[in-house]
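In what follows, a structure is listed as C-alpha cells, so that the remarks can point back to it.
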Amino acid sequence: MALNGIVIAVDGPAAAGKGTLARRLAAALRLPYLDTGLLYRAVGRRVLDAGADPRDAGIAEAAARALVPADLDRADLRGPMADMAASAVAAIPAVRAALLDFQRDFGRAHGAVLDGRDIGTVVFPQAQAKLFVTASVAERSRRRFLELAGRGVAADPAQVEAEIRDRDAQDANRPVAPLRPAEDAILIDTTTLDADAAFAEALRVVRARLAQPDRAATAAAKPCR
Ligand code: DC
C-alpha cells in the first residue's frame, strides 16, 4: 500500500511506544518517517555541549538554527540528561519556530509519518490520520527502565518513573504547543498491548481513517499556516 502525499501524525508522551509504532506504520505504508523528538534532542545536546543551560532561550534558539543533519546521528541523544535537555529546549517558542519549517517541508515533500508531541495539533493539523499513543505511567516507566538496562545503563526504577512524570508535566504544561491529543486524534492505549498488537491496531485504525472520503485530499499539498 503506497500512499504518496499522505501525512500521518503520531503523538504521545515519553516511552508510550509511539516511535516503534510510527516507524512500522511508515514501512507498511511506504512513507518516509521522521522522529521529531530527535530534533529537540539534538538542540538540547548542542546546548549542553556549550556548557549552557537548556532553558536559555537565546542559546537554544541559536543551537536550533545551527542544526545540521549529522546532529541527528549522534550516539548521545538519549539518557536522562539528554531527555530533560530536549524537553527544556522544546518549551522555548523560538526553538519550536526554528524547527517548524523543517518538519513541514519533510512531510510535504512525499507525505510522511511523523511522531512527536504536537504533530497533529500544530505541525500538521490537517494530517489525514492522527494517533495519540499513550500508556500508564507505571508501564512507560517499566519500558524505559528495560530500555536503559538493554543499553547497559544502570538505573533506579523510582528515579526513572520520576523522570517520566517530570517530563510529562513539562511537555504537557508548557504554554506553546503542549502535549495533548488533537480533537480528531484516535487514542491508542498500549498499556496492555505488546508492540505487535499496538502496530496491528494502529494500522487498522489508520486504514479505516484513510478510507473515509473527506480524508482523500493530501495534507502535504495544503498550506498549514
Ligand atoms: O519523543 P522524544 O521523547 O524523543 O522527545 C524528546 C523531547 O522533545 C520531549 O520531552 C518533548 C520534545 N518534543 C516536542 O516538544 N515536540 C515534538 N514534536 C517532539 C518532541
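Going by the C-alpha cells order, chains are called A, B, ..., each with residues numbered from 1, while ligands are numbered from 1 in the order shown.
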
If you run DSSP on the backbone here, which positions in stretch 9-213 of chain A get helix (DSSP H, G or I)? Please write them as a PyMOL selection string. chain A and resi 18-29+37-49+57-65+69-73+80-90+93-110+119-123+137-150+157-173+195-210+213

Counting only C-alpha atoms and all ligand atoms, give me one row per residue of chain A with an atom at most 6 Å from an atom of ligand 1, showing the shortest contact pair and its distance in Å to one decimal, sorted by chain then residue number, as a Markdown table.
```
| residue | atom | partner | partner_atom_place_in_ligand_line | distance |
| --- | --- | --- | --- | --- |
| A:Ala14 | CA | ligand 1 | 3 (O) | 4.7 |
| A:Thr36 | CA | ligand 1 | 19 (C) | 4.8 |
| A:Gly37 | CA | ligand 1 | 20 (C) | 3.5 |
| A:Leu38 | CA | ligand 1 | 4 (O) | 5.5 |
| A:Tyr40 | CA | ligand 1 | 8 (O) | 4.8 |
| A:Arg41 | CA | ligand 1 | 6 (C) | 5.8 |
| A:Asp83 | CA | ligand 1 | 6 (C) | 5.8 |
| A:Ala86 | CA | ligand 1 | 7 (C) | 4.6 |
| A:Ser87 | CA | ligand 1 | 10 (O) | 3.8 |
| A:Ala90 | CA | ligand 1 | 15 (O) | 4.5 |
| A:Gly116 | CA | ligand 1 | 18 (N) | 3.5 |
| A:Arg117 | CA | ligand 1 | 18 (N) | 4.1 |
| A:Asp118 | CA | ligand 1 | 18 (N) | 4.9 |
| A:Ile119 | CA | ligand 1 | 18 (N) | 5.8 |
| A:Arg167 | CA | ligand 1 | 10 (O) | 5.7 |
| A:Asp171 | CA | ligand 1 | 11 (C) | 5.6 |
```

Atom CA of A:Val68 to atom CA of A:Ala88, distance in Å rounded to a single decimal: 20.0 Å

Once DSSP has gone over the backbone, tell me which residues of stretch 101-224 of chain A are in strand (DSSP E), as an NGL selection string. :A and (112-116 or 129-134 or 186-189)

Point-to-point distance in Å for atom CA of A:Ala82 and atom CA of A:Val153: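 Calculated distance between atom CA of A:Val153 and atom CA of A:Ala82 is 13.8 Å.
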
Mind giving me the straight-line distance from atom CA of A:Asp56 to atom CA of A:Ile92 in Å, one decimal? 8.6 Å

Tell me which protein, DNA and RNA residues are within 9 Å of stretch 121-137 of chain A, counting only C-alpha atoms, leaving out same-chain ones fewer than 4 positions away, and put them as a PyMOL selection string. chain A and resi 6-18+21+100-101+103-104+107+117+141-142+161+164-165+177+179-192+202+205-207+209-210+214-220+222+224

I want to know what sits within 8 Å of A:His110, based on only C-alpha atoms, with residues of the same chain fewer than 2 positions away left out; could you give that as a ChimeraX atom specification? /A:4-6,31-32,106-108,112,220

Would you mind exporting N, CA, C and O atoms of the selected residues as an mmCIF file, in the first residue's frame?
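Result file is selection_22.cif:
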```cif
data_model
loop_
_atom_site.group_PDB
_atom_site.id
_atom_site.type_symbol
_atom_site.label_atom_id
_atom_site.label_comp_id
_atom_site.auth_asym_id
_atom_site.auth_seq_id
_atom_site.Cartn_x
_atom_site.Cartn_y
_atom_site.Cartn_z
ATOM 1 N N ASN A 4 1.710 7.983 -1.310
ATOM 2 C CA ASN A 4 2.480 9.200 -1.514
ATOM 3 C C ASN A 4 1.638 10.439 -1.209
ATOM 4 O O ASN A 4 0.517 10.556 -1.687
ATOM 5 N N GLY A 5 2.153 11.350 -0.392
ATOM 6 C CA GLY A 5 1.443 12.597 -0.109
ATOM 7 C C GLY A 5 0.604 12.569 1.145
ATOM 8 O O GLY A 5 0.101 13.598 1.584
ATOM 9 N N ILE A 6 0.442 11.407 1.745
ATOM 10 C CA ILE A 6 -0.365 11.297 2.961
ATOM 11 C C ILE A 6 0.496 11.647 4.181
ATOM 12 O O ILE A 6 1.652 11.241 4.259
ATOM 13 N N LEU A 31 5.918 5.130 3.483
ATOM 14 C CA LEU A 31 6.040 6.581 3.652
ATOM 15 C C LEU A 31 7.359 6.890 4.361
ATOM 16 O O LEU A 31 7.826 6.095 5.181
ATOM 17 N N PRO A 32 7.953 8.058 4.102
ATOM 18 C CA PRO A 32 9.121 8.471 4.889
ATOM 19 C C PRO A 32 8.727 8.633 6.360
ATOM 20 O O PRO A 32 7.563 8.897 6.667
ATOM 21 N N PHE A 106 9.565 18.387 5.328
ATOM 22 C CA PHE A 106 9.770 16.931 5.277
ATOM 23 C C PHE A 106 8.452 16.234 4.931
ATOM 24 O O PHE A 106 8.389 15.381 4.052
ATOM 25 N N GLY A 107 7.388 16.617 5.630
ATOM 26 C CA GLY A 107 6.091 15.965 5.413
ATOM 27 C C GLY A 107 5.489 16.275 4.060
ATOM 28 O O GLY A 107 4.853 15.425 3.431
ATOM 29 N N ARG A 108 5.695 17.506 3.612
ATOM 30 C CA ARG A 108 5.090 17.915 2.337
ATOM 31 C C ARG A 108 5.780 17.296 1.128
ATOM 32 O O ARG A 108 5.166 17.142 0.083
ATOM 33 N N ALA A 112 4.408 11.620 4.846
ATOM 34 C CA ALA A 112 5.281 11.057 5.887
ATOM 35 C C ALA A 112 4.467 10.591 7.085
ATOM 36 O O ALA A 112 3.312 10.993 7.267
ATOM 37 N N ALA A 220 -0.119 17.085 2.497
ATOM 38 C CA ALA A 220 1.148 17.614 2.001
ATOM 39 C C ALA A 220 0.918 18.733 0.996
ATOM 40 O O ALA A 220 1.737 19.646 0.869
#
```

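Minimum atom-to-atom distance to A:Val47, evaluated using only C-alpha atoms, belongs to A:Val95 out of A:Val95, A:Ala22, A:Asp73, A:Leu34.
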
Residues within 10 Å of A:Glu61, only C-alpha atoms, excluding chain neighbours under 3 positions, as number ranges by chain: A: 43, 47, 56-58, 64-66, 89, 92-99
